[in-house]
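Colleague: File model_33.cif follows (mmCIF, C-alpha atoms, pLDDT in the B column; chains and numbers go by the auth columns):
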```
data_final
#
loop_
_atom_site.group_PDB
_atom_site.id
_atom_site.type_symbol
_atom_site.label_atom_id
_atom_site.label_comp_id
_atom_site.label_asym_id
_atom_site.label_seq_id
_atom_site.Cartn_x
_atom_site.Cartn_y
_atom_site.Cartn_z
_atom_site.B_iso_or_equiv
_atom_site.auth_seq_id
_atom_site.auth_asym_id
ATOM 1 C CA MET A 1 72.014 108.094 139.301 87.00 1 T
ATOM 2 C CA ARG A 2 75.522 108.472 137.880 92.00 2 T
ATOM 3 C CA THR A 3 76.760 111.910 136.769 95.00 3 T
ATOM 4 C CA ILE A 4 79.987 112.422 134.853 95.00 4 T
ATOM 5 C CA LYS A 5 81.400 115.961 134.792 96.00 5 T
ATOM 6 C CA LEU A 6 83.894 116.819 132.063 96.00 6 T
ATOM 7 C CA PRO A 7 85.478 120.017 130.757 96.00 7 T
ATOM 8 C CA TYR A 8 84.870 120.621 127.070 96.00 8 T
ATOM 9 C CA SER A 9 86.062 122.938 124.323 95.00 9 T
ATOM 10 C CA THR A 10 84.193 124.309 121.339 95.00 10 T
ATOM 11 C CA ASN A 11 84.786 126.871 118.618 93.00 11 T
ATOM 12 C CA GLU A 12 81.352 128.424 119.163 92.00 12 T
ATOM 13 C CA ASP A 13 80.158 131.007 121.675 93.00 13 T
ATOM 14 C CA LEU A 14 77.326 129.370 123.621 95.00 14 T
ATOM 15 C CA THR A 15 76.691 132.386 125.863 95.00 15 T
ATOM 16 C CA PRO A 16 73.577 133.559 123.924 95.00 16 T
ATOM 17 C CA ILE A 17 71.982 130.104 124.289 95.00 17 T
ATOM 18 C CA LEU A 18 72.689 129.992 128.029 95.00 18 T
ATOM 19 C CA LYS A 19 71.271 133.510 128.433 95.00 19 T
ATOM 20 C CA GLN A 20 68.043 132.608 126.668 95.00 20 T
ATOM 21 C CA TYR A 21 67.673 129.339 128.549 96.00 21 T
ATOM 22 C CA SER A 22 68.255 131.199 131.829 95.00 22 T
ATOM 23 C CA ASN A 23 65.531 133.678 130.821 94.00 23 T
ATOM 24 C CA ILE A 24 63.099 130.794 130.332 95.00 24 T
ATOM 25 C CA VAL A 25 63.882 129.262 133.731 95.00 25 T
ATOM 26 C CA ARG A 26 63.610 132.568 135.601 93.00 26 T
ATOM 27 C CA TYR A 27 60.456 133.606 133.749 95.00 27 T
ATOM 28 C CA SER A 28 58.807 130.207 134.349 95.00 28 T
ATOM 29 C CA TYR A 29 59.829 130.234 138.011 93.00 29 T
ATOM 30 C CA ASN A 30 58.128 133.597 138.562 93.00 30 T
ATOM 31 C CA ARG A 31 54.981 132.444 136.768 94.00 31 T
ATOM 32 C CA PHE A 32 54.827 129.327 138.976 93.00 32 T
ATOM 33 C CA LEU A 33 54.963 131.680 141.971 91.00 33 T
ATOM 34 C CA GLU A 34 51.844 133.320 140.490 93.00 34 T
ATOM 35 C CA ASP A 35 50.155 129.876 140.538 92.00 35 T
ATOM 36 C CA LYS A 36 50.247 129.517 136.776 94.00 36 T
ATOM 37 C CA THR A 37 50.114 125.942 135.484 94.00 37 T
ATOM 38 C CA GLU A 38 52.784 124.326 133.327 94.00 38 T
ATOM 39 C CA LYS A 39 50.400 124.490 130.374 94.00 39 T
ATOM 40 C CA ASP A 40 49.752 128.203 131.002 95.00 40 T
ATOM 41 C CA ILE A 41 53.463 128.940 131.086 95.00 41 T
ATOM 42 C CA ARG A 42 54.099 126.975 127.901 94.00 42 T
ATOM 43 C CA LEU A 43 51.599 129.203 126.097 95.00 43 T
ATOM 44 C CA LEU A 44 53.003 132.372 127.670 95.00 44 T
ATOM 45 C CA THR A 45 56.565 131.598 126.561 93.00 45 T
ATOM 46 C CA LYS A 46 55.384 131.791 122.941 92.00 46 T
ATOM 47 C CA LEU A 47 54.921 135.515 123.485 91.00 47 T
ATOM 48 C CA LEU A 48 58.522 136.061 124.598 91.00 48 T
ATOM 49 C CA LYS A 49 60.823 137.744 122.103 87.00 49 T
ATOM 50 C CA ASN A 50 64.190 136.978 123.710 87.00 50 T
ATOM 51 C CA VAL A 51 64.222 133.182 123.273 91.00 51 T
ATOM 52 C CA ASN A 52 64.436 132.896 119.493 92.00 52 T
ATOM 53 C CA LEU A 53 67.509 130.631 119.615 93.00 53 T
ATOM 54 C CA LEU A 54 65.767 127.904 121.599 93.00 54 T
ATOM 55 C CA ASN A 55 63.663 125.132 120.137 93.00 55 T
ATOM 56 C CA SER A 56 60.410 123.995 121.759 92.00 56 T
ATOM 57 C CA TRP A 57 62.090 121.090 123.605 94.00 57 T
ATOM 58 C CA LEU A 58 64.712 123.324 125.252 95.00 58 T
ATOM 59 C CA ILE A 59 61.939 125.691 126.325 95.00 59 T
ATOM 60 C CA GLN A 60 59.999 122.759 127.759 95.00 60 T
ATOM 61 C CA CYS A 61 63.097 121.572 129.649 95.00 61 T
ATOM 62 C CA GLY A 62 63.556 125.087 131.045 95.00 62 T
ATOM 63 C CA ILE A 63 59.956 125.133 132.279 95.00 63 T
ATOM 64 C CA LYS A 64 60.401 121.742 133.943 95.00 64 T
ATOM 65 C CA GLU A 65 63.608 122.931 135.619 94.00 65 T
ATOM 66 C CA ALA A 66 61.742 125.919 137.059 94.00 66 T
ATOM 67 C CA LYS A 67 59.014 123.569 138.294 94.00 67 T
ATOM 68 C CA ALA A 68 61.650 121.417 140.014 92.00 68 T
ATOM 69 C CA LEU A 69 63.021 124.532 141.748 90.00 69 T
ATOM 70 C CA ILE A 70 59.526 125.315 143.040 89.00 70 T
ATOM 71 C CA GLU A 71 59.171 121.775 144.402 87.00 71 T
ATOM 72 C CA ILE A 72 62.538 122.030 146.174 86.00 72 T
ATOM 73 C CA GLN A 73 61.545 125.393 147.612 80.00 73 T
ATOM 74 C CA LYS A 74 58.320 123.937 149.022 78.00 74 T
ATOM 75 C CA THR A 75 60.243 121.271 150.922 80.00 75 T
ATOM 76 C CA LEU A 76 62.709 123.790 152.368 75.00 76 T
ATOM 77 C CA ASP A 77 61.045 127.124 153.085 69.00 77 T
ATOM 78 C CA LYS A 78 57.971 128.465 151.310 65.00 78 T
ATOM 79 C CA ASN A 79 58.750 132.040 152.352 68.00 79 T
ATOM 80 C CA LYS A 80 62.139 132.146 150.655 72.00 80 T
ATOM 81 C CA THR A 81 62.533 132.655 146.934 75.00 81 T
ATOM 82 C CA VAL A 82 65.465 131.575 144.799 79.00 82 T
ATOM 83 C CA VAL A 83 68.142 134.204 144.176 83.00 83 T
ATOM 84 C CA PHE A 84 69.509 133.285 140.754 84.00 84 T
ATOM 85 C CA GLY A 85 73.264 133.654 140.786 84.00 85 T
ATOM 86 C CA GLY A 86 73.357 133.479 144.590 85.00 86 T
ATOM 87 C CA LYS A 87 73.139 136.140 147.315 85.00 87 T
ATOM 88 C CA TYR A 88 76.920 136.428 147.478 87.00 88 T
ATOM 89 C CA ASN A 89 77.208 137.552 143.850 89.00 89 T
ATOM 90 C CA LEU A 90 74.192 139.830 144.229 89.00 90 T
ATOM 91 C CA LEU A 91 75.836 141.626 147.164 90.00 91 T
ATOM 92 C CA LYS A 92 79.093 141.940 145.223 90.00 92 T
ATOM 93 C CA TYR A 93 77.181 143.525 142.350 87.00 93 T
ATOM 94 C CA LEU A 94 75.269 145.917 144.631 90.00 94 T
ATOM 95 C CA LYS A 95 78.554 146.970 146.245 89.00 95 T
ATOM 96 C CA LYS A 96 79.985 147.475 142.732 87.00 96 T
ATOM 97 C CA LYS A 97 82.683 144.872 143.265 91.00 97 T
ATOM 98 C CA ILE A 98 81.710 143.201 140.005 89.00 98 T
ATOM 99 C CA THR A 99 80.301 144.747 136.846 90.00 99 T
ATOM 100 C CA LYS A 100 76.810 144.238 135.477 89.00 100 T
ATOM 101 C CA GLU A 101 78.240 142.032 132.717 88.00 101 T
ATOM 102 C CA GLU A 102 80.123 139.882 135.230 89.00 102 T
ATOM 103 C CA TYR A 103 77.009 139.526 137.366 88.00 103 T
ATOM 104 C CA GLN A 104 74.908 138.524 134.362 88.00 104 T
ATOM 105 C CA LEU A 105 77.417 135.785 133.524 89.00 105 T
ATOM 106 C CA LYS A 106 77.321 134.491 137.096 90.00 106 T
ATOM 107 C CA ARG A 107 73.508 134.340 136.898 90.00 107 T
ATOM 108 C CA LEU A 108 73.577 132.023 133.889 93.00 108 T
ATOM 109 C CA ILE A 109 71.844 128.713 134.507 93.00 109 T
ATOM 110 C CA PRO A 110 73.367 125.597 132.892 94.00 110 T
ATOM 111 C CA VAL A 111 71.294 124.349 129.979 95.00 111 T
ATOM 112 C CA GLY A 112 69.643 121.103 131.070 95.00 112 T
ATOM 113 C CA ILE A 113 68.129 118.761 128.503 95.00 113 T
ATOM 114 C CA GLN A 114 66.204 115.706 129.630 92.00 114 T
ATOM 115 C CA GLY A 115 66.664 112.351 127.948 92.00 115 T
ATOM 116 C CA GLU A 116 64.134 110.155 126.170 90.00 116 T
ATOM 117 C CA LYS A 117 64.217 106.434 125.448 88.00 117 T
ATOM 118 C CA LEU A 118 62.676 106.735 121.992 86.00 118 T
ATOM 119 C CA GLN A 119 65.070 109.521 120.959 89.00 119 T
ATOM 120 C CA LYS A 120 68.271 107.462 121.193 89.00 120 T
ATOM 121 C CA GLY A 121 68.664 108.428 124.824 91.00 121 T
ATOM 122 C CA ASN A 122 68.506 112.192 124.256 93.00 122 T
ATOM 123 C CA ARG A 123 67.049 114.006 121.255 91.00 123 T
ATOM 124 C CA SER A 124 69.398 117.002 121.514 94.00 124 T
ATOM 125 C CA PHE A 125 72.713 115.157 121.790 95.00 125 T
ATOM 126 C CA LYS A 126 74.638 112.590 119.818 94.00 126 T
ATOM 127 C CA LEU A 127 77.451 110.678 121.506 94.00 127 T
ATOM 128 C CA ASP A 128 80.436 110.455 119.162 94.00 128 T
ATOM 129 C CA ILE A 129 82.969 109.499 121.801 95.00 129 T
ATOM 130 C CA ILE A 130 84.309 106.199 120.458 93.00 130 T
ATOM 131 C CA ASP A 131 85.505 107.582 117.113 93.00 131 T
ATOM 132 C CA LYS A 132 86.068 111.315 117.731 95.00 132 T
ATOM 133 C CA ASN A 133 85.962 111.846 121.521 96.00 133 T
ATOM 134 C CA GLN A 134 83.218 114.433 121.226 95.00 134 T
ATOM 135 C CA ILE A 135 79.548 115.052 121.950 96.00 135 T
ATOM 136 C CA ILE A 136 77.396 116.820 119.378 96.00 136 T
ATOM 137 C CA PHE A 137 74.756 119.272 120.594 95.00 137 T
ATOM 138 C CA LYS A 138 71.934 119.501 118.050 94.00 138 T
ATOM 139 C CA LEU A 139 70.233 122.860 118.591 91.00 139 T
ATOM 140 C CA ASN A 140 68.154 122.283 115.449 89.00 140 T
ATOM 141 C CA LYS A 141 68.460 120.448 112.134 87.00 141 T
ATOM 142 C CA LYS A 142 70.949 122.936 110.714 89.00 142 T
ATOM 143 C CA THR A 143 72.819 124.109 113.810 91.00 143 T
ATOM 144 C CA HIS A 144 75.094 121.616 115.557 94.00 144 T
ATOM 145 C CA PHE A 145 77.875 122.280 118.067 95.00 145 T
ATOM 146 C CA GLU A 146 80.817 119.948 118.676 95.00 146 T
ATOM 147 C CA PHE A 147 81.888 119.577 122.310 96.00 147 T
ATOM 148 C CA LYS A 148 85.461 118.280 122.270 96.00 148 T
ATOM 149 C CA LEU A 149 86.236 116.172 125.337 96.00 149 T
ATOM 150 C CA PRO A 150 89.567 115.778 127.148 95.00 150 T
ATOM 151 C CA LYS A 151 91.511 112.585 127.635 94.00 151 T
ATOM 152 C CA MET A 152 89.472 110.528 130.091 94.00 152 T
ATOM 153 C CA ARG A 153 90.277 107.925 132.701 93.00 153 T
ATOM 154 C CA ASN A 154 89.645 104.377 131.523 93.00 154 T
ATOM 155 C CA ASN A 155 86.686 103.789 133.843 92.00 155 T
ATOM 156 C CA ILE A 156 84.877 106.927 132.617 94.00 156 T
ATOM 157 C CA LYS A 157 85.707 106.136 129.006 94.00 157 T
ATOM 158 C CA LYS A 158 84.325 102.624 129.452 93.00 158 T
ATOM 159 C CA GLU A 159 81.009 103.946 130.824 94.00 159 T
ATOM 160 C CA LEU A 160 80.551 106.531 128.069 95.00 160 T
ATOM 161 C CA TYR A 161 81.473 103.993 125.387 94.00 161 T
ATOM 162 C CA LYS A 162 78.777 101.685 126.722 93.00 162 T
ATOM 163 C CA LEU A 163 76.252 104.534 126.855 94.00 163 T
ATOM 164 C CA GLN A 164 76.990 105.352 123.227 93.00 164 T
ATOM 165 C CA GLN A 165 76.709 101.714 122.141 92.00 165 T
ATOM 166 C CA LEU A 166 73.359 101.354 123.920 91.00 166 T
ATOM 167 C CA ASN A 167 72.057 104.323 121.919 90.00 167 T
ATOM 168 C CA ASP A 168 73.444 103.393 118.492 88.00 168 T
ATOM 169 C CA LEU A 169 69.965 102.298 117.443 76.00 169 T
ATOM 170 C CA LYS A 170 67.622 102.373 114.527 72.00 170 T
ATOM 171 C CA PHE A 171 64.698 104.794 114.597 66.00 171 T
ATOM 172 C CA ASN A 172 61.899 103.969 117.056 69.00 172 T
ATOM 173 C CA GLN A 173 64.025 101.578 119.137 77.00 173 T
ATOM 174 C CA GLN A 174 64.329 102.221 122.866 86.00 174 T
ATOM 175 C CA GLY A 175 67.638 103.666 123.974 88.00 175 T
ATOM 176 C CA TYR A 176 69.288 104.213 127.343 92.00 176 T
ATOM 177 C CA THR A 177 68.079 107.549 128.717 94.00 177 T
ATOM 178 C CA TYR A 178 70.643 110.159 129.715 95.00 178 T
ATOM 179 C CA THR A 179 70.295 113.815 130.719 95.00 179 T
ATOM 180 C CA VAL A 180 72.841 116.459 129.765 96.00 180 T
ATOM 181 C CA LYS A 181 73.642 119.797 131.373 96.00 181 T
ATOM 182 C CA PHE A 182 76.298 122.224 130.220 96.00 182 T
ATOM 183 C CA ASP A 183 77.608 125.651 131.143 95.00 183 T
ATOM 184 C CA LEU A 184 80.396 127.591 129.466 94.00 184 T
ATOM 185 C CA LYS A 185 83.119 125.252 130.768 94.00 185 T
ATOM 186 C CA HIS A 186 81.720 121.854 131.703 96.00 186 T
ATOM 187 C CA ILE A 187 79.288 119.238 130.494 96.00 187 T
ATOM 188 C CA TYR A 188 77.415 116.945 132.905 97.00 188 T
ATOM 189 C CA ILE A 189 76.091 113.588 131.673 96.00 189 T
ATOM 190 C CA SER A 190 73.644 111.825 134.001 95.00 190 T
ATOM 191 C CA PHE A 191 72.209 108.311 133.614 94.00 191 T
ATOM 192 C CA GLU A 192 71.115 105.367 135.687 91.00 192 T
ATOM 193 C CA GLU A 193 74.057 103.187 136.621 88.00 193 T
ATOM 194 C CA PHE A 194 74.434 100.084 134.513 84.00 194 T
ATOM 195 C CA LYS A 195 73.249 96.944 136.220 78.00 195 T
ATOM 196 C CA SER A 196 75.169 93.719 135.849 65.00 196 T
ATOM 197 C CA GLU A 197 73.111 91.181 133.981 57.00 197 T
ATOM 198 C CA LYS A 198 72.615 88.021 135.997 61.00 198 T
ATOM 199 C CA MET A 199 72.805 84.771 134.085 56.00 199 T
ATOM 200 C CA GLU A 200 69.958 82.469 134.989 67.00 200 T
ATOM 201 C CA LEU A 201 70.724 78.785 134.642 69.00 201 T
ATOM 202 C CA ASN A 202 68.101 76.418 133.311 73.00 202 T
ATOM 203 C CA SER A 203 68.195 73.393 135.607 73.00 203 T
ATOM 204 C CA SER A 204 66.297 71.229 133.082 77.00 204 T
ATOM 205 C CA ARG A 205 68.854 71.787 130.303 76.00 205 T
ATOM 206 C CA TYR A 206 72.294 70.201 130.190 71.00 206 T
ATOM 207 C CA LEU A 207 75.134 69.322 127.846 77.00 207 T
ATOM 208 C CA GLY A 208 76.474 65.849 127.199 77.00 208 T
ATOM 209 C CA ILE A 209 79.946 65.205 125.724 83.00 209 T
ATOM 210 C CA ASP A 210 81.065 61.897 124.187 77.00 210 T
ATOM 211 C CA MET A 211 84.837 61.587 123.628 77.00 211 T
ATOM 212 C CA ASN A 212 85.898 59.118 120.870 77.00 212 T
ATOM 213 C CA PRO A 213 89.342 58.397 119.348 72.00 213 T
ATOM 214 C CA ASP A 214 88.643 60.450 116.212 74.00 214 T
ATOM 215 C CA THR A 215 85.508 62.456 117.077 78.00 215 T
ATOM 216 C CA ILE A 216 83.890 64.522 119.849 79.00 216 T
ATOM 217 C CA ASP A 217 80.104 64.343 120.013 77.00 217 T
ATOM 218 C CA ILE A 218 77.984 66.822 121.957 80.00 218 T
ATOM 219 C CA SER A 219 74.285 66.738 122.745 78.00 219 T
ATOM 220 C CA VAL A 220 72.107 69.404 124.364 77.00 220 T
ATOM 221 C CA LEU A 221 69.146 67.972 126.246 75.00 221 T
ATOM 222 C CA ASP A 222 66.122 69.707 127.704 77.00 222 T
ATOM 223 C CA ASN A 223 64.036 67.642 130.106 77.00 223 T
ATOM 224 C CA GLY A 224 65.723 64.529 128.710 74.00 224 T
ATOM 225 C CA ILE A 225 64.916 65.384 125.073 78.00 225 T
ATOM 226 C CA VAL A 226 67.795 66.042 122.653 75.00 226 T
ATOM 227 C CA ILE A 227 67.324 69.535 121.182 73.00 227 T
ATOM 228 C CA HIS A 228 70.736 69.808 119.524 76.00 228 T
ATOM 229 C CA ALA A 229 73.447 67.317 118.519 75.00 229 T
ATOM 230 C CA GLN A 230 76.730 67.876 116.713 78.00 230 T
ATOM 231 C CA GLU A 231 79.854 65.869 115.829 77.00 231 T
ATOM 232 C CA PHE A 232 83.340 67.340 115.603 71.00 232 T
ATOM 233 C CA SER A 233 85.854 65.271 113.637 76.00 233 T
ATOM 234 C CA LEU A 234 89.443 65.141 114.888 69.00 234 T
ATOM 235 C CA LYS A 235 90.761 63.618 111.651 72.00 235 T
ATOM 236 C CA PRO A 236 91.829 66.972 110.043 71.00 236 T
ATOM 237 C CA ILE A 237 93.797 67.826 113.174 68.00 237 T
ATOM 238 C CA PHE A 238 95.483 64.399 113.273 62.00 238 T
ATOM 239 C CA ASP A 239 96.268 64.594 109.517 70.00 239 T
ATOM 240 C CA LYS A 240 97.888 68.006 109.975 71.00 240 T
ATOM 241 C CA ILE A 241 99.994 66.840 112.914 69.00 241 T
ATOM 242 C CA PHE A 242 101.037 63.677 111.044 64.00 242 T
ATOM 243 C CA SER A 243 101.911 65.708 107.908 71.00 243 T
ATOM 244 C CA GLU A 244 104.027 68.184 109.879 69.00 244 T
ATOM 245 C CA LYS A 245 105.809 65.337 111.656 66.00 245 T
ATOM 246 C CA LEU A 246 106.647 63.638 108.333 62.00 246 T
ATOM 247 C CA LYS A 247 107.973 66.908 106.923 64.00 247 T
ATOM 248 C CA SER A 248 110.109 67.444 110.029 66.00 248 T
ATOM 249 C CA ASN A 249 111.601 63.943 109.775 61.00 249 T
ATOM 250 C CA SER A 250 112.243 64.430 106.054 62.00 250 T
ATOM 251 C CA ASP A 251 114.100 67.677 106.696 59.00 251 T
ATOM 252 C CA ARG A 252 116.355 66.004 109.264 58.00 252 T
ATOM 253 C CA MET A 253 117.250 63.182 106.797 56.00 253 T
ATOM 254 C CA LYS A 254 118.441 65.766 104.257 55.00 254 T
ATOM 255 C CA TYR A 255 121.122 66.894 106.638 50.00 255 T
#
```
Produce structure tokens that represent the structure in this file.
Modeller:
Amino acid sequence: MRTIKLPYSTNEDLTPILKQYSNIVRYSYNRFLEDKTEKDIRLLTKLLKNVNLLNSWLIQCGIKEAKALIEIQKTLDKNKTVVFGGKYNLLKYLKKKITKEEYQLKRLIPVGIQGEKLQKGNRSFKLDIIDKNQIIFKLNKKTHFEFKLPKMRNNIKKELYKLQQLNDLKFNQQGYTYTVKFDLKHIYISFEEFKSEKMELNSSRYLGIDMNPDTIDISVLDNGIVIHAQEFSLKPIFDKIFSEKLKSNSDRMKY
């Protein structure tokens, strides 16, 4: 998996969206600890009043992120729970070294939106890097945010250009899946690394070339059968060369 991290700028305040997404992740995490199923939690989130900015897909992504945290916790230590924002920041807050507002900002979880092949790679984002060096976050049909990107190194630019081209598709065509996360400063674009396409040679197919004084003939054969033949005449080239030579000689005679 390849992840590209870039700073971005925008004219909009995305803090409310991050707060609501963080609420979904924390709420879902606690419900998983109560042995609720993913389906149960999806129904329960419909009763929440503090997530009105999020669409159903962002809520679903938040639930899946909480589920992933539970799975990680199981592999590490079942008796320890996740401290959102980290123990260090919690202690600083308890010792009144940071304010409640500062602590709440440090507890924000980056919005993470999974990709989908049939949604041009990711239903919530549009890559507009080639023309405008930006990524568009589509919160809903009416609300879009432009993430302006910095000047990028050529290798990163090349990868993102290719990712955009692979997802410039018509509706219902399969794209190249990519996942996006963003906080208040950075955007993270994750996708499977591009694999070099290997050219497979057909040992039964070959090309024959016949060089003549005024023509070049080619034939493509497959298992000894001609499947394509074409003749290229050299006469126009010879006529042009001869004409230019005559003109050159004529110009010299004038002087």
Colleague: How many Å separate atom CA of T:Glu101 from atom CA of T:Asn89?
Modeller: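 Atom CA of T:Glu101 sits 12.0 Å away from atom CA of T:Asn89.
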Colleague: Need the shell around T:Thr215: protein/DNA/RNA residues with any atom at most 9 Å away, counting only C-alpha atoms. Skip same-chain ones fewer than 3 positions apart. Format as number ranges by chain?
Modeller: T: 210-212, 231-235
Colleague: For the PyMOL selection byres ((chain T and resi 221) around 12), applied here, can you spell out every residue it catches as a list in words?
Modeller: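 That expression, the PyMOL selection byres ((chain T and resi 221) around 12), corresponds here to Asn202, Ser203, Ser204, Arg205, Tyr206, Leu207, Gly208, Ile209, Ile218, Ser219, Val220, Asp222, Asn223, Gly224, Ile225, Val226, Ile227, His228 and Ala229 of chain T.
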Colleague: Those same residues - C-alpha atoms - I'd like them written as an mmCIF file, in the coordinates of the input.
Modeller:
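So the final result, stored in result.cif, reads:
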```cif
data_model
loop_
_atom_site.group_PDB
_atom_site.id
_atom_site.type_symbol
_atom_site.label_atom_id
_atom_site.label_comp_id
_atom_site.auth_asym_id
_atom_site.auth_seq_id
_atom_site.Cartn_x
_atom_site.Cartn_y
_atom_site.Cartn_z
ATOM 1 C CA ASN T 202 68.101 76.418 133.311
ATOM 2 C CA SER T 203 68.195 73.393 135.607
ATOM 3 C CA SER T 204 66.297 71.229 133.082
ATOM 4 C CA ARG T 205 68.854 71.787 130.303
ATOM 5 C CA TYR T 206 72.294 70.201 130.190
ATOM 6 C CA LEU T 207 75.134 69.322 127.846
ATOM 7 C CA GLY T 208 76.474 65.849 127.199
ATOM 8 C CA ILE T 209 79.946 65.205 125.724
ATOM 9 C CA ILE T 218 77.984 66.822 121.957
ATOM 10 C CA SER T 219 74.285 66.738 122.745
ATOM 11 C CA VAL T 220 72.107 69.404 124.364
ATOM 12 C CA ASP T 222 66.122 69.707 127.704
ATOM 13 C CA ASN T 223 64.036 67.642 130.106
ATOM 14 C CA GLY T 224 65.723 64.529 128.710
ATOM 15 C CA ILE T 225 64.916 65.384 125.073
ATOM 16 C CA VAL T 226 67.795 66.042 122.653
ATOM 17 C CA ILE T 227 67.324 69.535 121.182
ATOM 18 C CA HIS T 228 70.736 69.808 119.524
ATOM 19 C CA ALA T 229 73.447 67.317 118.519
#
```
Colleague: What is the atom CA of T:Asn122-atom CA of T:Ile24 distance in Å, reported with one decimal?
Modeller: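 Rounded to one decimal, the two atoms are 20.3 Å apart.
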Colleague: Do you know which residues the PyMOL selection byres ((chain T and resi 187) around 8) returns on this file, as a list in words?
Modeller: Lys5, Leu6, Pro7, Tyr8, Val180, Lys181, Phe182, Asp183, Lys185, His186, Tyr188 and Ile189 of chain T
Colleague: One decimal, Å: what's the distance from atom CA of T:Tyr21 over to atom CA of T:Gly62, could you say?
Modeller: 6.4 Å
Colleague: Looking at T:Thr179, T:Thr15, T:Ser22, T:Ser28, which one is nearest to T:Thr3, with distances taken over all atoms listed in the file?
Modeller: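 Nearest candidate to T:Thr3 out of T:Thr179, T:Thr15, T:Ser22, T:Ser28: T:Thr179.
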Colleague: What's the 10 Å shell around T:Leu166, counting all atoms listed in the file, without same-chain residues fewer than 3 positions away, as a PyMOL selection string?
Modeller: chain T and resi 120-121+160-163+169+174-177
Colleague: Since we have the selection now, will you write its residues out, keeping C-alpha atoms, as a short mmCIF file (atom, residue, chain, number, x, y, z; two decimals), keeping the file's coordinate frame?
Modeller:
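Output file selection34.cif is given in full below:
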```cif
data_model
loop_
_atom_site.label_atom_id
_atom_site.label_comp_id
_atom_site.auth_asym_id
_atom_site.auth_seq_id
_atom_site.Cartn_x
_atom_site.Cartn_y
_atom_site.Cartn_z
CA LYS T 120 68.27 107.46 121.19
CA GLY T 121 68.66 108.43 124.82
CA LEU T 160 80.55 106.53 128.07
CA TYR T 161 81.47 103.99 125.39
CA LYS T 162 78.78 101.68 126.72
CA LEU T 163 76.25 104.53 126.86
CA LEU T 169 69.96 102.30 117.44
CA GLN T 174 64.33 102.22 122.87
CA GLY T 175 67.64 103.67 123.97
CA TYR T 176 69.29 104.21 127.34
CA THR T 177 68.08 107.55 128.72
#
```
Colleague: Give as a list in words the set of residues within 7 Å of the point (69.0, 111.2, 134.9), where distances use the file's coordinates and only C-alpha atoms.
Modeller: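 Here is the list of nearby residues: Met1, Tyr178, Thr179, Ser190, Phe191 and Glu192 of chain T.
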Colleague: Given only C-alpha atoms as the basis, pick out the residue of T:Pro213, T:Val83, T:Ile109, T:Gln60 nearest to T:Pro16.
Modeller: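 Closest residue, counting only C-alpha atoms: T:Ile109.
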Colleague: Tell me which of T:Ser56, T:Gln173, T:Arg153, T:Thr81 sits closest to T:Asn140, counting all atoms listed in the file.
Modeller: T:Ser56
Colleague: Mind telling me what the PyMOL selection byres ((chain T and resi 57) around 10) catches here, as a VMD selection string?
Modeller: chain T and resid 54 to 56 58 to 63 113 to 114 123 to 124 139
Colleague: With C-alpha atoms retained, export the selected residues as a CSV table (one decimal), in the frame of the given file.
Modeller:
```
chain,number,residue,atom,x,y,z
T,54,LEU,CA,65.8,127.9,121.6
T,55,ASN,CA,63.7,125.1,120.1
T,56,SER,CA,60.4,124.0,121.8
T,58,LEU,CA,64.7,123.3,125.3
T,59,ILE,CA,61.9,125.7,126.3
T,60,GLN,CA,60.0,122.8,127.8
T,61,CYS,CA,63.1,121.6,129.6
T,62,GLY,CA,63.6,125.1,131.0
T,63,ILE,CA,60.0,125.1,132.3
T,113,ILE,CA,68.1,118.8,128.5
T,114,GLN,CA,66.2,115.7,129.6
T,123,ARG,CA,67.0,114.0,121.3
T,124,SER,CA,69.4,117.0,121.5
T,139,LEU,CA,70.2,122.9,118.6
```
Colleague: List every protein, DNA or RNA residue with an atom no more than 9 Å from (73.9, 133.8, 133.9) in the file's coordinates, counting all atoms listed in the file, and format the result as a list in words.
Modeller: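 The answer, in the requested form, is Thr15, Leu18, Lys19, Ser22, Asn23, Phe84, Gly85, Glu102, Tyr103, Gln104, Leu105, Lys106, Arg107, Leu108, Ile109 and Pro110 of chain T.
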Colleague: Nearest residue to T:Lys157 out of T:Asp131, T:Lys95, T:Phe137, T:Asp35, using only C-alpha atoms?
Modeller: T:Asp131
Colleague: Select, from T:Lys100, T:Lys74, T:Lys158, T:Lys170, the residue with the minimum atom-to-atom distance to T:Phe194, counting all atoms listed in the file.
Modeller: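 Closest to T:Phe194, using all atoms listed in the file: T:Lys158.
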Colleague: When you count all atoms listed in the file, which of these residues is closest to T:Leu44: T:Lys67, T:Lys151, T:Arg31, T:Ile129?
Modeller: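 With all atoms listed in the file as the atom set, the closest residue is T:Arg31.
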